[in-house]
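Colleague: Here you go, my_file39.txt (compact mmCIF, C-alpha atoms):
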# COMPACT_ATOMS: atom_id res chain seq x y z
CA MET A 19 41.01 88.92 103.02
CA GLY A 20 41.87 91.46 100.35
CA ASP A 21 41.84 90.05 96.84
CA GLY A 22 45.48 91.00 96.38
CA ALA A 23 46.32 88.02 98.56
CA ALA A 24 44.66 85.53 96.20
CA THR A 25 46.43 83.82 93.30
CA VAL A 26 44.73 83.12 89.97
CA VAL A 27 46.72 80.71 87.80
CA TRP A 28 46.06 81.04 84.09
CA ASP A 29 47.74 80.99 80.72
CA ALA A 30 46.17 80.39 77.31
CA ALA A 31 48.64 77.50 76.85
CA LEU A 32 46.46 75.53 79.29
CA LEU A 33 43.92 75.27 76.45
CA ASP A 34 46.33 72.83 74.76
CA TYR A 35 44.95 70.07 77.03
CA ASP A 36 42.54 69.14 74.24
CA LEU A 37 41.34 65.57 73.79
CA GLY A 38 40.14 66.49 70.31
CA GLY A 39 37.15 66.02 68.05
CA ASP A 40 33.81 65.95 69.80
CA HIS A 41 35.29 64.77 73.11
CA PRO A 42 33.21 66.25 75.97
CA PHE A 43 36.30 67.55 77.81
CA ASN A 44 36.53 70.60 75.56
CA PRO A 45 38.89 73.42 76.56
CA ILE A 46 36.41 75.99 75.25
CA ARG A 47 34.80 75.79 78.69
CA LEU A 48 37.97 77.29 80.20
CA GLU A 49 38.28 79.97 77.54
CA LEU A 50 34.64 81.01 77.95
CA THR A 51 35.00 81.07 81.75
CA MET A 52 37.93 83.47 81.57
CA ARG A 53 36.12 85.62 79.01
CA LEU A 54 33.04 85.80 81.24
CA ALA A 55 35.05 86.60 84.36
CA ARG A 56 36.84 89.38 82.50
CA ALA A 57 33.62 90.79 81.05
CA LEU A 58 32.11 90.98 84.55
CA GLY A 59 35.17 92.71 86.01
CA VAL A 60 35.98 89.79 88.30
CA LEU A 61 39.61 89.83 87.13
CA ASP A 62 40.08 93.61 87.01
CA GLY A 63 43.51 94.44 88.41
CA VAL A 64 44.27 90.78 89.15
CA GLU A 65 47.65 89.44 88.09
CA LEU A 66 47.34 86.11 86.30
CA HIS A 67 50.16 83.79 87.38
CA VAL A 68 51.58 81.81 84.47
CA PRO A 69 52.63 78.24 85.28
CA GLU A 70 55.52 76.17 84.03
CA ALA A 71 55.22 72.48 83.22
CA ALA A 72 55.69 70.18 86.19
CA SER A 73 59.01 68.35 86.24
CA ASP A 74 59.23 64.59 85.90
CA ALA A 75 60.33 64.46 89.52
CA ASP A 76 57.10 66.12 90.62
CA LEU A 77 54.94 63.96 88.34
CA GLU A 78 56.68 60.90 89.79
CA ARG A 79 55.47 61.85 93.26
CA VAL A 80 52.25 60.04 92.33
CA HIS A 81 52.93 58.41 88.93
CA GLU A 82 55.18 55.54 87.88
CA VAL A 83 58.31 56.42 85.90
CA SER A 84 57.19 54.02 83.18
CA TYR A 85 53.80 55.74 82.92
CA VAL A 86 55.32 59.22 82.51
CA ALA A 87 57.55 57.78 79.78
CA ALA A 88 54.53 56.19 78.06
CA VAL A 89 52.63 59.51 78.07
CA ARG A 90 55.64 61.30 76.58
CA GLU A 91 56.07 58.70 73.85
CA ALA A 92 52.41 57.98 73.08
CA PRO A 93 51.90 60.50 70.22
CA MET A 94 54.86 58.95 68.35
CA ALA A 95 53.96 55.35 69.09
CA SER A 96 52.24 53.30 66.41
CA TRP A 97 51.30 50.43 68.72
CA ASP A 98 49.01 49.99 71.68
CA VAL A 99 50.65 52.11 74.38
CA GLY A 100 48.49 50.74 77.21
CA HIS A 101 48.20 52.59 80.52
CA GLY A 102 44.63 53.62 79.69
CA LEU A 103 45.91 55.75 76.81
CA GLY A 104 44.39 55.64 73.34
CA THR A 105 40.89 54.88 74.64
CA ALA A 106 37.67 56.74 73.87
CA ASP A 107 37.92 58.48 77.25
CA ASN A 108 41.64 59.23 76.98
CA PRO A 109 42.64 59.48 73.33
CA VAL A 110 46.26 60.19 72.53
CA PHE A 111 46.81 63.76 71.33
CA ASP A 112 49.75 65.76 70.07
CA ARG A 113 52.10 67.09 72.78
CA MET A 114 50.06 65.21 75.38
CA HIS A 115 52.84 65.13 77.97
CA ALA A 116 53.58 68.84 77.63
CA ALA A 117 49.93 69.87 77.91
CA SER A 118 49.21 67.50 80.80
CA SER A 119 52.30 68.45 82.77
CA LEU A 120 51.42 72.15 82.35
CA VAL A 121 48.06 71.52 84.02
CA VAL A 122 49.94 69.91 86.92
CA GLY A 123 52.32 72.85 86.97
CA GLY A 124 49.37 75.19 87.35
CA THR A 125 48.05 73.46 90.44
CA LEU A 126 51.60 73.14 91.81
CA LEU A 127 52.11 76.88 91.36
CA ALA A 128 48.92 77.49 93.32
CA ALA A 129 50.21 75.22 96.11
CA GLN A 130 53.63 76.88 96.10
CA ARG A 131 52.12 80.36 96.40
CA ILE A 132 50.14 79.24 99.45
CA ALA A 133 53.10 77.44 101.03
CA ALA A 134 55.33 80.50 100.59
CA GLY A 135 52.77 82.70 102.34
CA GLU A 136 52.34 84.77 99.18
CA SER A 137 48.62 83.91 99.04
CA LEU A 138 46.07 82.42 101.39
CA ARG A 139 43.92 81.34 98.47
CA ALA A 140 44.77 80.17 94.98
CA VAL A 141 42.69 78.86 92.09
CA SER A 142 43.59 76.95 88.93
CA ILE A 143 40.43 76.22 86.96
CA ALA A 144 42.37 74.08 84.45
CA GLY A 145 43.24 71.63 87.24
CA GLY A 146 41.12 69.03 88.98
CA LEU A 147 42.14 65.96 86.94
CA HIS A 148 41.26 63.67 89.84
CA HIS A 149 40.85 60.30 88.07
CA ALA A 150 44.43 59.75 86.86
CA MET A 151 45.98 56.76 88.62
CA ARG A 152 49.56 55.86 89.46
CA ASP A 153 50.16 54.01 86.21
CA ARG A 154 47.23 54.86 83.96
CA ALA A 155 45.02 57.56 82.55
CA ALA A 156 41.33 57.46 83.40
CA GLY A 157 38.21 59.56 83.00
CA PHE A 158 39.73 62.27 80.74
CA CYS A 159 42.66 62.68 83.17
CA VAL A 160 46.27 61.99 82.14
CA TYR A 161 48.18 63.27 85.20
CA ASN A 162 46.65 63.83 88.64
CA ASP A 163 47.44 67.45 89.46
CA CYS A 164 45.49 67.37 92.73
CA ALA A 165 47.52 64.45 94.09
CA VAL A 166 50.83 65.94 92.93
CA ALA A 167 50.05 69.23 94.67
CA ILE A 168 49.02 67.50 97.89
CA SER A 169 52.21 65.39 97.84
CA TRP A 170 54.27 68.54 97.33
CA LEU A 171 52.50 70.31 100.22
CA LEU A 172 53.28 67.34 102.49
CA ASP A 173 56.97 67.80 101.69
CA ASN A 174 56.91 71.55 102.13
CA GLY A 175 55.67 72.42 105.59
CA PHE A 176 52.22 70.82 105.78
CA ASP A 177 51.34 67.62 107.59
CA ARG A 178 47.53 67.80 107.57
CA VAL A 179 45.83 68.37 104.23
CA ALA A 180 42.09 68.07 103.66
CA TYR A 181 40.90 67.36 100.12
CA ILE A 182 37.24 67.97 99.30
CA ASP A 183 35.87 66.80 95.95
CA VAL A 184 32.42 68.00 94.85
CA ASP A 185 32.57 66.64 91.27
CA VAL A 186 29.68 64.35 90.30
CA HIS A 187 32.19 61.50 89.88
CA HIS A 188 34.07 59.91 92.77
CA GLY A 189 37.53 61.42 93.36
CA ASP A 190 39.06 58.00 92.99
CA GLY A 191 42.58 58.88 91.87
CA VAL A 192 43.23 61.21 94.79
CA GLN A 193 41.69 58.76 97.26
CA ALA A 194 43.90 55.98 95.89
CA ALA A 195 47.05 58.13 96.12
CA PHE A 196 46.56 58.77 99.85
CA TYR A 197 44.53 55.75 100.99
CA ASP A 198 47.40 54.73 103.29
CA ASP A 199 48.28 58.24 104.49
CA PRO A 200 46.61 59.54 107.66
CA ARG A 201 48.01 63.03 106.95
CA VAL A 202 45.49 63.47 104.12
CA LEU A 203 41.73 63.49 104.65
CA THR A 204 39.94 62.89 101.33
CA ILE A 205 36.22 63.70 101.24
CA SER A 206 34.23 63.06 98.06
CA LEU A 207 30.55 63.85 97.52
CA HIS A 208 29.35 62.23 94.31
CA GLN A 209 26.54 60.44 92.54
CA HIS A 210 26.10 56.93 93.92
CA PRO A 211 28.69 54.59 92.36
CA ALA A 212 26.04 51.96 91.59
CA THR A 213 24.64 54.45 89.08
CA LEU A 214 27.71 56.19 87.64
CA TRP A 215 31.32 55.63 86.51
CA PRO A 216 33.88 54.91 88.01
CA GLY A 217 31.83 52.62 90.27
CA THR A 218 33.82 53.44 93.40
CA GLY A 219 33.19 55.76 96.31
CA PHE A 220 31.04 53.61 98.55
CA VAL A 221 30.59 54.54 102.21
CA THR A 222 32.65 51.50 103.18
CA GLU A 223 35.83 52.90 101.57
CA LEU A 224 37.40 54.37 104.72
CA GLY A 225 41.17 54.31 104.15
CA SER A 226 43.63 51.48 104.76
CA ARG A 227 44.00 49.77 108.13
CA SER A 228 46.79 52.19 109.09
CA ALA A 229 44.72 55.21 108.00
CA GLN A 230 41.16 54.29 108.96
CA GLY A 231 38.90 57.29 108.61
CA SER A 232 41.15 59.15 106.18
CA ALA A 233 38.84 58.45 103.23
CA VAL A 234 35.26 59.74 103.36
CA ASN A 235 32.66 59.04 100.69
CA VAL A 236 29.20 60.56 100.47
CA PRO A 237 27.31 58.78 97.67
CA LEU A 238 24.12 60.61 96.68
CA PRO A 239 21.12 59.28 94.77
CA PRO A 240 20.46 60.44 91.21
CA ARG A 241 18.34 63.58 90.88
CA THR A 242 19.53 64.96 94.23
CA ARG A 243 18.78 68.70 94.22
CA ASP A 244 20.53 71.65 95.88
CA PRO A 245 18.84 71.59 99.32
CA ASP A 246 19.49 67.87 99.85
CA TRP A 247 23.05 68.13 98.50
CA GLN A 248 23.77 71.03 100.85
CA ARG A 249 22.14 69.14 103.72
CA ALA A 250 24.52 66.22 103.14
CA PHE A 251 27.56 68.45 102.76
CA HIS A 252 26.90 70.34 105.96
CA ALA A 253 26.00 67.18 107.90
CA VAL A 254 29.39 65.61 107.17
CA VAL A 255 32.13 68.01 106.09
CA PRO A 256 32.34 70.74 108.77
CA SER A 257 32.45 68.31 111.70
CA LEU A 258 35.18 66.22 110.09
CA LEU A 259 37.27 69.29 109.34
CA GLY A 260 36.83 70.41 112.93
CA ALA A 261 38.14 67.07 114.16
CA PHE A 262 40.93 66.72 111.58
CA LYS A 263 42.23 70.31 111.89
CA PRO A 264 43.76 70.67 108.41
CA GLN A 265 46.39 73.29 107.67
CA VAL A 266 45.16 73.76 104.10
CA LEU A 267 42.04 72.89 102.10
CA VAL A 268 42.47 71.53 98.56
CA THR A 269 39.21 71.34 96.61
CA GLN A 270 38.15 69.85 93.29
CA CYS A 271 35.20 71.91 92.07
CA GLY A 272 33.77 69.93 89.16
CA VAL A 273 30.40 71.27 87.99
CA ASP A 274 29.05 68.14 86.31
CA THR A 275 26.61 67.90 89.24
CA HIS A 276 24.40 70.36 87.35
CA GLU A 277 20.94 69.26 86.25
CA GLU A 278 21.79 69.97 82.60
CA ASP A 279 25.09 68.08 82.53
CA PRO A 280 24.94 65.43 79.79
CA LEU A 281 27.18 62.86 81.51
CA ALA A 282 25.54 62.41 84.93
CA ASP A 283 22.28 62.58 86.86
CA LEU A 284 22.46 64.91 89.84
CA SER A 285 20.20 67.98 89.69
CA LEU A 286 22.15 70.91 91.12
CA SER A 287 22.09 74.49 89.84
CA VAL A 288 24.63 77.24 89.23
CA ASP A 289 23.24 78.85 92.40
CA GLY A 290 24.01 75.64 94.26
CA HIS A 291 27.58 75.65 92.97
CA ARG A 292 27.97 79.24 94.15
CA ALA A 293 26.66 78.29 97.60
CA THR A 294 29.19 75.46 97.80
CA TYR A 295 32.12 77.72 96.94
CA ARG A 296 31.05 80.15 99.62
CA ALA A 297 30.81 77.26 102.10
CA LEU A 298 34.29 76.03 101.17
CA ARG A 299 35.71 79.51 101.64
CA ALA A 300 34.10 79.78 105.08
CA LEU A 301 35.38 76.32 106.06
CA ALA A 302 38.91 77.26 105.00
CA GLU A 303 38.66 80.38 107.15
CA GLU A 304 37.35 78.44 110.15
CA HIS A 305 39.46 75.31 110.00
CA ALA A 306 42.53 75.88 107.78
CA GLY A 307 43.80 79.35 108.62
CA GLY A 308 42.12 80.65 105.47
CA ARG A 309 44.34 78.54 103.19
CA TRP A 310 42.32 77.29 100.22
CA LEU A 311 43.56 75.82 96.94
CA ALA A 312 40.70 75.44 94.42
CA THR A 313 40.79 73.57 91.12
CA GLY A 314 38.24 72.96 88.39
CA GLY A 315 37.37 69.45 87.22
CA GLY A 316 34.43 67.99 85.33
CA GLY A 317 31.59 69.88 83.70
CA TYR A 318 30.23 69.22 80.22
CA GLN A 319 27.44 71.74 79.67
CA LEU A 320 30.04 73.93 78.01
CA LEU A 321 28.06 77.09 77.33
CA ARG A 322 25.27 77.44 79.87
CA VAL A 323 26.85 75.99 83.03
CA VAL A 324 30.65 75.80 83.25
CA PRO A 325 31.48 79.45 82.44
CA ARG A 326 28.97 80.80 84.96
CA SER A 327 29.80 78.34 87.74
CA TRP A 328 33.56 78.77 87.49
CA THR A 329 33.22 82.54 87.19
CA HIS A 330 31.48 82.29 90.57
CA LEU A 331 34.41 80.18 91.80
CA LEU A 332 36.92 82.82 90.69
CA ALA A 333 34.79 85.56 92.24
CA THR A 334 34.51 83.67 95.52
CA VAL A 335 38.25 83.05 95.77
CA LEU A 336 38.84 86.75 95.10
CA ASP A 337 36.15 87.99 97.55
CA ARG A 338 34.34 89.55 94.60
CA ASP A 339 31.13 87.59 95.02
CA LEU A 340 28.59 88.04 92.24
CA ASP A 341 24.85 88.36 92.85
CA PRO A 342 23.11 85.52 90.97
CA ALA A 343 20.78 88.15 89.50
CA THR A 344 23.75 89.82 87.74
CA ARG A 345 23.13 90.00 84.01
CA VAL A 346 25.39 88.03 81.70
CA PRO A 347 27.30 90.67 79.67
CA THR A 348 26.14 91.22 76.10
CA GLU A 349 29.72 91.09 74.83
CA TRP A 350 30.10 87.55 76.19
CA LEU A 351 26.78 86.43 74.72
CA ASP A 352 27.78 87.84 71.34
CA THR A 353 31.10 85.96 71.47
CA VAL A 354 29.36 82.66 72.17
CA ARG A 355 26.71 83.22 69.51
CA ARG A 356 29.45 83.59 66.91
CA VAL A 357 30.57 80.01 67.59
CA ALA A 358 27.16 78.58 68.57
CA PRO A 359 24.49 80.69 66.87
CA ASN A 360 21.61 78.44 67.91
CA ALA A 361 22.61 77.94 71.54
CA ASP A 362 20.11 78.72 74.29
CA LEU A 363 22.26 81.01 76.42
CA PRO A 364 21.68 82.17 80.01
CA LEU A 365 20.91 85.83 80.63
CA ALA A 366 21.69 85.93 84.37
CA MET A 367 24.51 84.57 86.53
CA GLY A 368 22.08 82.41 88.49
CA GLU A 369 18.97 80.37 87.87
CA GLY A 370 16.72 81.67 90.63
CA THR A 371 17.14 78.43 92.55
CA ASP A 372 16.48 78.28 96.28
CA THR A 373 19.53 76.61 97.81
CA ALA A 374 18.36 76.91 101.44
CA PHE A 375 18.38 73.62 103.31
CA ALA A 376 17.14 72.16 106.57
CA PRO A 377 20.14 71.00 108.64
CA TRP A 378 20.27 67.27 109.27
CA ASP A 379 18.52 66.42 112.55
CA GLY A 380 18.81 62.65 112.63
CA ALA A 381 15.43 62.04 110.99
CA LEU A 382 15.14 59.60 108.09
CA GLU A 383 12.78 61.37 105.73
CA THR A 384 14.56 61.08 102.36
CA PRO A 385 17.10 58.84 100.61
CA VAL A 386 19.71 61.53 101.25
CA ASP A 387 19.01 61.29 105.00
CA ALA A 388 19.80 57.58 104.83
CA ALA A 389 23.07 58.33 103.04
CA ILE A 390 23.96 60.90 105.72
CA ARG A 391 23.24 58.41 108.48
CA ASP A 392 25.34 55.70 106.82
CA VAL A 393 28.30 58.01 106.22
CA ARG A 394 28.26 59.41 109.73
CA ARG A 395 27.98 55.97 111.34
CA ALA A 396 30.86 54.65 109.25
CA ILE A 397 33.27 57.55 109.68
CA PHE A 398 32.41 59.74 112.66
CA PRO A 399 33.48 57.32 115.43
CA LEU A 400 36.92 57.08 113.78
CA HIS A 401 37.29 60.83 114.44
CA GLY A 402 35.89 60.83 117.97
CA LEU A 403 32.52 62.18 116.83
CA ASP A 404 29.01 60.97 117.70
CA PRO A 405 27.29 59.90 114.47
CA ASP A 406 23.81 60.22 115.93
CA ASP A 407 24.22 63.62 117.57
CA PRO A 408 23.35 66.42 115.10
CA ARG A 409 25.58 68.76 117.12
CA ASP A 410 28.61 66.75 115.99
Could I get this file's structure written as structure tokens?

Modeller:
Amino acid sequence: MGDGAATVVWDAALLDYDLGGDHPFNPIRLELTMRLARALGVLDGVELHVPEAASDADLERVHEVSYVAAVREAPMASWDVGHGLGTADNPVFDRMHAASSLVVGGTLLAAQRIAAGESLRAVSIAGGLHHAMRDRAAGFCVYNDCAVAISWLLDNGFDRVAYIDVDVHHGDGVQAAFYDDPRVLTISLHQHPATLWPGTGFVTELGSRSAQGSAVNVPLPPRTRDPDWQRAFHAVVPSLLGAFKPQVLVTQCGVDTHEEDPLADLSLSVDGHRATYRALRALAEEHAGGRWLATGGGGYQLLRVVPRSWTHLLATVLDRDLDPATRVPTEWLDTVRRVAPNADLPLAMGEGTDTAFAPWDGALETPVDAAIRDVRRAIFPLHGLDPDDPRD
């Protein structure tokens, strides 16, 4: 696919989604990603598509009317607004509704470009706010752009959407939005919920009785490294996509799975993130007619990890893949040192990590193998697949 067919959604106004102070969800990670991608030439000649704020009607696809009203009014309210707003995770901030609805508008624009046939692939790194629930904010997420975009796709020519979430935290808000809908397959790979917020995403969460098998959860033990993570991904995801036959792939590409992330305990690398994006691109080509909508998500190592990983995401969407040995441009390093003079900054676009993995063969050699077995036995029969046959 030529990169002219891919859509990159971006506008500096997306930086207004700012939870303030020393909150870990700092928009500088987006700004530094775009600066790095530009410095490396990833965005040369690429039109950046500027979103508009999502309408109330689109927000209300997945959110209660009363919740949208509460978000709009929260900055002016002097009392407890409820709905998960005004907490340490989701503090109220000025123009919160406008900033949050613009993020949704970005992911919606990406979906609309794909639905109109103007792009096969689209990426909005400001999106990926997968924890927001129908009537409350959660986990730094005010509105759920992923769920709104999927709902819109279902009303605009698509009846089989696969959602893949590789954030370290369970994609609970998107799972909840479509738990009763067999048209949406939600797959989340995340740190085991017994060891990490939000405490959901167990293997036994399979979708409602009318949509059994539509929710897939792959909980992974803390300190899982790239080869085992890739082993689990490839033992579960490709077979399910082959059985489900989605028309479009929507992915949440949080990078808080990294070993250096301060909020979680998986041990992936930037090289591992790059390998996952390349796998998602290949799966979209094989199973979804090439249609791939990618969003950002979590990621709280703001200087060393997020800009590199999401620059690889942009490059992968645009078919401008970067060699991990590529040097980080001096101009970018100088920019970061002006705001963080003592930061230990990366000098290459990768970490020299070996991401090669041994495909799952049914053996039980590691804790990840046990997780793979449990997931496959819970979900594969619901899709006509043999959980114990590595060929499935």

Colleague: Restricting the calculation to all atoms listed in the file: of A:Asp274, A:Thr334, A:Thr242, A:Thr348, which residue gets closest to A:Leu363?

Modeller: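 Once distances to A:Leu363 are computed over all atoms listed in the file, the minimum belongs to A:Thr348.
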
Colleague: Calculated over all atoms listed in the file, which of the candidates A:Phe251, A:Tyr318, A:Trp170, A:Tyr181 has the smallest distance to A:Ala302?

Modeller: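 Using all atoms listed in the file, A:Ala302 sits closest to A:Tyr181.
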
Colleague: May I ask which of the residues A:Val357, A:Leu207, A:Val268, A:Val160 is the closest one to A:Arg309, counting only C-alpha atoms?

Modeller: A:Val268

Colleague: Provide the atom CA of A:Ala180 to atom CA of A:Ser137 distance in Å, to one decimal place.

Modeller: 17.7 Å

Colleague: Hey, what's within 10 Å of A:Ala297 if we count only C-alpha atoms and toss same-chain stuff fewer than 6 positions away? As a VMD selection string, please?

Modeller: chain A and resid 248 251 to 252 256 291 303 334

Colleague: Centre and edge lengths of an axis-aligned box around all listed atoms of stretch 259-270 of chain A, with 5 Å added on each side, are to be given in Å to one decimal, as AutoDock Vina command-line options.

Modeller:
--center_x 41.6 --center_y 70.2 --center_z 103.7 --size_x 19.6 --size_y 17.0 --size_z 30.9

Colleague: So that I can see what lies close to A:Met151, please list as a list in words the residues with an atom at most 9 Å from it, counting all atoms listed in the file and leaving out residues fewer than 2 positions away in the same chain.

Modeller: Val80, His81, His148, His149, Asp153, Arg154, Ala155, Ala156, Cys159, Val160, Tyr161, Asn162, Asp190, Gly191, Val192, Ala194 and Ala195 of chain A

Colleague: Excluding stretch 335-341 of chain A and its own-chain neighbours fewer than 3 positions away, which residues fall within 7 Å of it when counting only C-alpha atoms? Please give them as a list in words.

Modeller: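 Contacts, in chain order: Asp21, Ala24, Val60, Arg139, His330, Leu331, Leu332 and Thr344 of chain A.
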
Colleague: I'd like to know which of A:Val273, A:Val121, A:Leu321, A:Ile182 is closest to A:Asn360, using only C-alpha atoms.

Modeller: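 Using only C-alpha atoms, A:Asn360 sits closest to A:Leu321.
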
Colleague: Atom CA of A:Gln265 and atom CA of A:Asp74, how far apart in Å?

Modeller: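 Atom-to-atom, atom CA of A:Asp74 to atom CA of A:Gln265, that is 26.7 Å.
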
Colleague: Counting only C-alpha atoms, what is within 7 Å of A:Thr373, bar same-chain residues fewer than 4 positions away, as a PyMOL selection string?

Modeller: chain A and resi 244-245+289-290

Colleague: In Å, rounded to a single decimal, give me how far atom CA of A:Gly225 is from atom CA of A:Asp107.

Modeller: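 Spanning atom CA of A:Asp107 to atom CA of A:Gly225 is a straight-line distance of 27.4 Å.
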
Colleague: Using all atoms listed in the file, can you tell me which of A:Val255, A:Ala282, A:Ala366, A:Asp183 comes closest to A:Pro211?

Modeller: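 That would be A:Ala282, the residue with the smallest distance to A:Pro211.
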
Colleague: Can you pull out the residues contacting stretch 45-48 of chain A? Cut-off 9 Å, using all atoms listed in the file, and skip same-chain residues under 4 positions away; I want them as a ChimeraX atom specification.

Modeller: /A:32-37,52-53,143-144,317-321,324-325,328

Colleague: Looking at A:Val110, A:Ile168, A:Leu61, A:Val89, which one is nearest to A:Asp76, with distances taken over only C-alpha atoms?

Modeller: A:Ile168
